[in-house]
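S.K.: run_2.tsv is reproduced in full below (TSV, C-alpha atoms).
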```
chain	number	residue	atom	x	y	z
A	1	MET	CA	-50.10	-29.70	-7.47
A	2	ALA	CA	-50.47	-28.09	-10.89
A	3	LEU	CA	-53.95	-28.05	-12.32
A	4	ASP	CA	-52.98	-29.95	-15.45
A	5	LYS	CA	-51.26	-32.66	-13.38
A	6	ALA	CA	-54.42	-33.07	-11.31
A	7	GLY	CA	-56.48	-33.48	-14.49
A	8	ILE	CA	-58.28	-30.16	-13.88
A	9	THR	CA	-58.48	-27.98	-16.97
A	10	LYS	CA	-59.00	-24.24	-16.97
A	11	GLU	CA	-62.51	-24.86	-18.29
A	12	THR	CA	-63.27	-27.12	-15.32
A	13	LEU	CA	-61.72	-24.62	-12.93
A	14	ILE	CA	-63.86	-21.74	-14.19
A	15	ARG	CA	-67.05	-23.81	-14.17
A	16	SER	CA	-66.38	-25.02	-10.62
A	17	LYS	CA	-65.49	-21.56	-9.31
A	18	VAL	CA	-68.61	-19.96	-10.75
A	19	HIS	CA	-70.72	-22.83	-9.41
A	20	GLU	CA	-69.15	-22.41	-5.97
A	21	MET	CA	-70.02	-18.69	-6.02
A	22	ILE	CA	-73.66	-19.62	-6.69
A	23	LEU	CA	-73.76	-22.39	-4.06
A	24	GLU	CA	-72.22	-20.06	-1.47
A	25	LYS	CA	-74.73	-17.34	-2.47
A	26	GLU	CA	-72.06	-14.88	-3.56
A	27	LEU	CA	-74.15	-14.79	-6.73
A	28	LEU	CA	-77.93	-14.91	-6.29
A	29	PRO	CA	-80.75	-15.74	-8.74
A	30	GLY	CA	-80.98	-12.97	-11.31
A	31	ASP	CA	-77.40	-11.75	-10.75
A	32	ARG	CA	-75.29	-11.25	-13.84
A	33	LEU	CA	-72.17	-13.41	-14.16
A	34	PRO	CA	-68.75	-11.99	-15.01
A	35	SER	CA	-68.20	-11.89	-18.78
A	36	GLU	CA	-66.19	-14.48	-20.67
A	37	ASN	CA	-63.31	-12.03	-20.96
A	38	GLU	CA	-63.40	-11.21	-17.24
A	39	LEU	CA	-63.38	-14.87	-16.26
A	40	ALA	CA	-60.59	-15.68	-18.71
A	41	GLU	CA	-58.43	-12.87	-17.32
A	42	LEU	CA	-59.23	-13.74	-13.70
A	43	TYR	CA	-58.13	-17.37	-14.10
A	44	GLY	CA	-55.40	-16.94	-16.68
A	45	ALA	CA	-57.37	-18.86	-19.30
A	46	LYS	CA	-58.40	-18.48	-22.91
A	47	ARG	CA	-61.77	-16.97	-23.70
A	48	ILE	CA	-62.92	-20.25	-25.26
A	49	ASP	CA	-62.30	-21.97	-21.91
A	50	ALA	CA	-64.54	-19.47	-20.16
A	51	ARG	CA	-67.19	-19.76	-22.85
A	52	ASN	CA	-67.25	-23.56	-22.67
A	53	ALA	CA	-67.49	-23.43	-18.88
A	54	LEU	CA	-70.50	-21.12	-19.03
A	55	VAL	CA	-72.16	-23.21	-21.73
A	56	GLN	CA	-71.85	-26.26	-19.47
A	57	LEU	CA	-73.44	-24.33	-16.59
A	58	GLU	CA	-76.31	-23.46	-18.92
A	59	LYS	CA	-76.78	-27.13	-19.80
A	60	MET	CA	-76.81	-27.95	-16.11
A	61	GLY	CA	-79.67	-25.47	-15.71
A	62	ILE	CA	-77.68	-23.33	-13.30
A	63	VAL	CA	-77.38	-20.20	-15.45
A	64	TYR	CA	-79.15	-18.80	-18.49
A	65	GLY	CA	-78.08	-16.45	-21.25
A	66	ARG	CA	-79.67	-13.36	-22.77
A	67	GLN	CA	-78.48	-12.57	-26.26
A	68	GLY	CA	-76.31	-9.47	-26.28
A	69	VAL	CA	-76.71	-8.93	-22.54
A	70	GLY	CA	-74.85	-11.73	-20.74
A	71	ARG	CA	-75.46	-14.72	-18.52
A	72	PHE	CA	-77.41	-14.74	-15.29
A	73	VAL	CA	-77.97	-17.04	-12.32
A	74	ASN	CA	-81.08	-19.13	-12.83
A	75	GLU	CA	-83.88	-19.31	-10.29
A	76	PRO	CA	-83.64	-22.86	-8.91
A	77	MET	CA	-86.55	-25.08	-9.85
A	78	PRO	CA	-88.80	-26.05	-6.93
A	79	THR	CA	-87.96	-29.49	-5.56
A	80	ILE	CA	-90.48	-32.14	-4.63
A	81	GLU	CA	-90.23	-33.67	-1.17
A	82	PHE	CA	-90.39	-37.39	-1.88
A	83	LEU	CA	-90.28	-40.31	0.54
A	84	ILE	CA	-89.05	-43.45	-1.23
A	85	THR	CA	-91.11	-46.43	-0.11
A	86	GLY	CA	-92.35	-49.57	-1.72
A	87	THR	CA	-95.84	-49.53	-0.17
A	88	THR	CA	-97.32	-46.32	-1.58
A	89	SER	CA	-97.60	-45.43	-5.26
A	90	PHE	CA	-96.09	-42.31	-6.79
A	91	SER	CA	-99.56	-40.94	-7.57
A	92	GLU	CA	-100.70	-41.43	-3.96
A	93	LYS	CA	-97.65	-39.55	-2.69
A	94	MET	CA	-98.41	-36.63	-5.00
A	95	GLN	CA	-102.08	-36.61	-3.96
A	96	GLU	CA	-101.09	-36.54	-0.28
A	97	GLN	CA	-99.12	-33.33	-0.96
A	98	ASN	CA	-101.85	-31.83	-3.21
A	99	ILE	CA	-99.34	-31.58	-6.06
A	100	PRO	CA	-100.76	-31.49	-9.62
A	101	TYR	CA	-99.75	-34.78	-11.19
A	102	GLU	CA	-100.17	-36.85	-14.35
A	103	SER	CA	-99.01	-40.36	-15.25
A	104	ARG	CA	-98.67	-40.95	-18.98
A	105	VAL	CA	-98.13	-44.48	-20.29
A	106	ILE	CA	-95.45	-44.36	-22.99
A	107	TYR	CA	-94.96	-48.13	-23.41
A	108	ALA	CA	-97.10	-51.12	-22.46
A	109	ASP	CA	-96.09	-54.32	-24.22
A	110	TYR	CA	-93.78	-57.29	-23.86
A	111	ALA	CA	-90.17	-56.56	-22.97
A	112	SER	CA	-87.43	-57.01	-25.56
A	113	ASP	CA	-85.72	-60.38	-25.97
A	114	THR	CA	-82.70	-59.16	-24.01
A	115	GLU	CA	-84.89	-57.80	-21.23
A	116	GLN	CA	-86.92	-61.03	-21.15
A	117	ILE	CA	-83.79	-63.02	-20.38
A	118	HIS	CA	-82.45	-60.57	-17.80
A	119	TYR	CA	-85.68	-60.01	-15.89
A	120	ARG	CA	-86.80	-63.64	-15.89
A	121	GLU	CA	-83.62	-64.29	-13.94
A	122	SER	CA	-84.05	-61.20	-11.78
A	123	LEU	CA	-87.64	-62.13	-10.94
A	124	ALA	CA	-86.82	-65.82	-10.44
A	125	ALA	CA	-89.36	-66.73	-13.11
A	126	GLY	CA	-89.34	-69.87	-15.22
A	127	LYS	CA	-87.84	-69.84	-18.70
A	128	ASP	CA	-91.31	-69.95	-20.30
A	129	VAL	CA	-92.65	-66.98	-18.32
A	130	LYS	CA	-93.09	-63.80	-20.36
A	131	ILE	CA	-92.14	-60.43	-18.92
A	132	PHE	CA	-94.45	-57.49	-19.55
A	133	LYS	CA	-92.94	-53.99	-19.57
A	134	VAL	CA	-94.77	-50.81	-18.61
A	135	SER	CA	-93.10	-47.40	-18.91
A	136	ARG	CA	-94.78	-44.29	-17.58
A	137	LEU	CA	-93.77	-40.65	-17.70
A	138	ARG	CA	-94.36	-38.85	-14.41
A	139	ILE	CA	-95.44	-35.24	-14.89
A	140	VAL	CA	-95.57	-33.01	-11.81
A	141	ASN	CA	-96.62	-29.35	-11.94
A	142	GLU	CA	-96.70	-29.78	-15.75
A	143	VAL	CA	-93.00	-30.72	-15.76
A	144	ALA	CA	-91.79	-34.17	-16.86
A	145	CYS	CA	-89.74	-35.30	-13.88
A	146	ALA	CA	-89.39	-39.10	-13.86
A	147	ILE	CA	-89.60	-42.24	-15.98
A	148	HIS	CA	-91.09	-45.22	-14.15
A	149	ILE	CA	-90.45	-48.66	-15.68
A	150	SER	CA	-92.04	-51.87	-14.39
A	151	TYR	CA	-91.10	-55.39	-15.48
A	152	ILE	CA	-94.00	-57.65	-14.51
A	153	ARG	CA	-94.41	-61.43	-14.53
A	154	GLU	CA	-97.21	-62.31	-16.93
A	155	ASP	CA	-97.87	-65.67	-15.24
A	156	LEU	CA	-99.06	-63.80	-12.14
A	157	PHE	CA	-101.17	-61.38	-14.20
A	158	PRO	CA	-102.28	-63.43	-17.23
A	159	HIS	CA	-104.64	-60.76	-18.60
A	160	ILE	CA	-102.20	-57.86	-18.40
A	161	TYR	CA	-101.81	-57.46	-22.17
A	162	ASN	CA	-105.56	-57.00	-22.64
A	163	GLU	CA	-105.71	-54.75	-19.56
A	164	ARG	CA	-102.74	-52.58	-20.54
A	165	ALA	CA	-104.98	-49.50	-20.81
A	166	ASP	CA	-105.39	-49.66	-17.00
A	167	LEU	CA	-101.71	-49.36	-16.12
A	168	GLN	CA	-101.32	-45.66	-15.28
A	169	SER	CA	-100.80	-46.93	-11.72
A	170	VAL	CA	-99.33	-50.42	-11.49
A	171	TYR	CA	-99.92	-50.47	-7.73
A	172	THR	CA	-103.61	-49.82	-8.26
A	173	TYR	CA	-103.63	-52.57	-10.88
A	174	PHE	CA	-102.00	-54.99	-8.44
A	175	LYS	CA	-104.51	-54.15	-5.71
A	176	THR	CA	-107.42	-54.55	-8.12
A	177	ALA	CA	-106.04	-58.02	-8.83
A	178	GLY	CA	-106.16	-58.83	-5.11
A	179	ARG	CA	-102.49	-58.14	-4.38
A	180	THR	CA	-103.00	-55.68	-1.54
A	181	ASN	CA	-100.20	-56.51	0.90
A	182	LEU	CA	-97.10	-55.26	-0.92
A	183	ILE	CA	-93.52	-54.66	0.17
A	184	SER	CA	-90.38	-53.36	-1.49
A	185	LYS	CA	-87.17	-55.41	-1.27
A	186	ASP	CA	-83.60	-55.21	-2.55
A	187	ARG	CA	-83.66	-51.46	-3.08
A	188	VAL	CA	-80.71	-49.93	-4.91
A	189	VAL	CA	-79.97	-46.26	-5.61
A	190	SER	CA	-77.46	-45.12	-8.22
A	191	ALA	CA	-76.88	-42.23	-10.62
A	192	GLN	CA	-76.40	-41.89	-14.35
A	193	PHE	CA	-76.49	-39.28	-17.08
A	194	PRO	CA	-79.50	-39.42	-19.41
A	195	THR	CA	-79.56	-41.08	-22.82
A	196	LEU	CA	-80.85	-39.18	-25.83
A	197	GLU	CA	-84.32	-40.71	-25.40
A	198	GLU	CA	-84.37	-39.88	-21.69
A	199	MET	CA	-83.26	-36.31	-22.42
A	200	LYS	CA	-86.16	-35.98	-24.87
A	201	LEU	CA	-88.74	-37.40	-22.47
A	202	LEU	CA	-87.54	-35.46	-19.41
A	203	GLN	CA	-86.77	-32.26	-21.34
A	204	CYS	CA	-83.32	-31.92	-19.83
A	205	SER	CA	-79.77	-31.69	-21.09
A	206	GLU	CA	-77.07	-34.34	-20.95
A	207	LEU	CA	-75.54	-32.66	-17.89
A	208	VAL	CA	-78.56	-33.07	-15.63
A	209	PRO	CA	-77.88	-36.30	-13.66
A	210	LEU	CA	-80.63	-38.83	-13.12
A	211	MET	CA	-81.09	-40.61	-9.83
A	212	VAL	CA	-81.94	-44.25	-10.51
A	213	PHE	CA	-84.00	-46.19	-7.97
A	214	GLU	CA	-84.46	-49.94	-8.45
A	215	THR	CA	-86.43	-52.37	-6.32
A	216	ASP	CA	-88.49	-55.56	-6.35
A	217	THR	CA	-92.15	-55.53	-5.35
A	218	TYR	CA	-93.28	-58.57	-3.37
A	219	ASP	CA	-96.65	-59.86	-2.28
A	220	LYS	CA	-96.16	-60.32	1.48
A	221	ASP	CA	-98.96	-62.89	1.68
A	222	THR	CA	-97.44	-65.26	-0.89
A	223	ASP	CA	-93.79	-64.08	-0.89
A	224	GLU	CA	-93.96	-63.87	-4.69
A	225	CYS	CA	-91.91	-61.26	-6.55
A	226	LEU	CA	-94.41	-59.45	-8.78
A	227	GLU	CA	-92.21	-56.95	-10.57
A	228	ARG	CA	-88.83	-55.27	-10.86
A	229	VAL	CA	-89.09	-51.49	-10.82
A	230	LYS	CA	-86.66	-48.99	-12.28
A	231	ILE	CA	-87.35	-45.28	-11.81
A	232	LEU	CA	-85.24	-42.51	-13.27
A	233	TYR	CA	-85.69	-39.18	-11.48
A	234	ARG	CA	-84.41	-35.80	-12.62
A	235	SER	CA	-82.06	-35.07	-9.74
A	236	ASP	CA	-82.70	-31.33	-9.88
A	237	LEU	CA	-86.43	-31.74	-9.21
A	238	PHE	CA	-86.52	-34.04	-6.17
A	239	LYS	CA	-85.38	-34.08	-2.60
A	240	HIS	CA	-85.50	-37.72	-1.59
A	241	GLN	CA	-85.93	-39.34	1.78
A	242	LEU	CA	-85.28	-43.03	2.35
A	243	SER	CA	-87.56	-45.01	4.65
A	244	ASP	CA	-87.02	-48.18	6.59
A	245	GLU	CA	-89.49	-51.00	6.03
A	246	SER	CA	-90.20	-54.24	7.85
```
Output the structure of this file as structure tokens.

M.R.:
Amino acid sequence: MALDKAGITKETLIRSKVHEMILEKELLPGDRLPSENELAELYGAKRIDARNALVQLEKMGIVYGRQGVGRFVNEPMPTIEFLITGTTSFSEKMQEQNIPYESRVIYADYASDTEQIHYRESLAAGKDVKIFKVSRLRIVNEVACAIHISYIREDLFPHIYNERADLQSVYTYFKTAGRTNLISKDRVVSAQFPTLEEMKLLQCSELVPLMVFETDTYDKDTDECLERVKILYRSDLFKHQLSDES
């Protein structure tokens, strides 16, 4: 099948071929890539196709350029081994691995009107229940790597607005409030590309996919749903494991 009939452009072809060479270790970190002209000639493409392909690889963090010298294979960023569970906080997982970690609260206030409607339904809360939103930036090894968003029922935590300065760890906050027997339910994993705001916070380009993990946190003793969690991870910084829970 012809490339154009398959929807594969020359630009896509060049990007994929170079990426394959890196994945298969034909090109190693620090190796210089073929020039734009060499790639264009090799694949019967225009130079602009080769240039665009290499620019995309740069945005993906796979290669880097040196002005007047060329483009080179990037050293892959170290990945964080991360077991996804609903019973241990992110900070506790980092502490267990002795990984330098910081949680920075970037929003702690009531959710927007649209979010209020959506998450009241999601959390099976009454129409008069307010939903409090907490967003935290996870910084590991001095690199912003995840955005953690919690939508919390205010009726279960009536002083949360006044205690919003204590929300670096929502799990710790829950346990301080006597909610110590927690479980994660209805876990969903998906992927998306970052928005402009997410790109700014996570210091990544639009071509670095985010892995999105969503779940509900329940109090096992009362069977009450306390919060809906949405976490956006930079996919290039984590190696995830999924756990079974009972």

S.K.: For Lys130 (chain A), list every protein, DNA or RNA residue within 10 Å, evaluated using only C-alpha atoms, and leave out those in the same chain fewer than 4 positions away; present the list as JSON, numbers by chain.

M.R.: {"A": [110, 111, 113, 116, 117, 119, 120, 125, 126, 151, 152, 153, 154, 155, 158]}

S.K.: Tell me which protein, DNA and RNA residues are within 7 Å of region 29-36 of chain A, counting all atoms listed in the file, leaving out same-chain ones fewer than 3 positions away, and put them as a PyMOL selection string.

M.R.: chain A and resi 39-40+47+50-51+70-75

S.K.: Between CA of Ser235 (chain A) and CA of Leu182 (chain A), what distance in Å does the model show, to one decimal?

M.R.: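 Between CA of Ser235 (chain A) and CA of Leu182 (chain A) the gap works out to 26.7 Å.
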
S.K.: Determine, counting all atoms listed in the file, which protein, DNA and RNA residues have an atom within 9 Å of an atom of Arg138 (chain A); residues of the same chain fewer than 4 positions away are not included. Present the result as a PDB file with C-alpha atoms, in the coordinates of the input.

M.R.:
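Final output, around.pdb:
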```
ATOM      1  CA  PHE A  90     -96.090 -42.310  -6.790  1.00  0.00           C
ATOM      2  CA  SER A  91     -99.560 -40.940  -7.570  1.00  0.00           C
ATOM      3  CA  TYR A 101     -99.750 -34.780 -11.190  1.00  0.00           C
ATOM      4  CA  GLU A 102    -100.170 -36.850 -14.350  1.00  0.00           C
ATOM      5  CA  SER A 103     -99.010 -40.360 -15.250  1.00  0.00           C
ATOM      6  CA  ARG A 104     -98.670 -40.950 -18.980  1.00  0.00           C
ATOM      7  CA  VAL A 105     -98.130 -44.480 -20.290  1.00  0.00           C
ATOM      8  CA  VAL A 143     -93.000 -30.720 -15.760  1.00  0.00           C
ATOM      9  CA  ALA A 144     -91.790 -34.170 -16.860  1.00  0.00           C
ATOM     10  CA  CYS A 145     -89.740 -35.300 -13.880  1.00  0.00           C
ATOM     11  CA  ALA A 146     -89.390 -39.100 -13.860  1.00  0.00           C
ATOM     12  CA  ILE A 147     -89.600 -42.240 -15.980  1.00  0.00           C
ATOM     13  CA  HIS A 148     -91.090 -45.220 -14.150  1.00  0.00           C
TER      14      HIS A 148
END
```

S.K.: Please indicate the distance in Å from CA of Leu201 (chain A) to CA of Leu237 (chain A), rounded to one decimal place.

M.R.: 14.6 Å

S.K.: What separation in Å, quoted to one decimal, exists between CA of Asp109 (chain A) and CA of Arg164 (chain A)?

M.R.: 7.8 Å
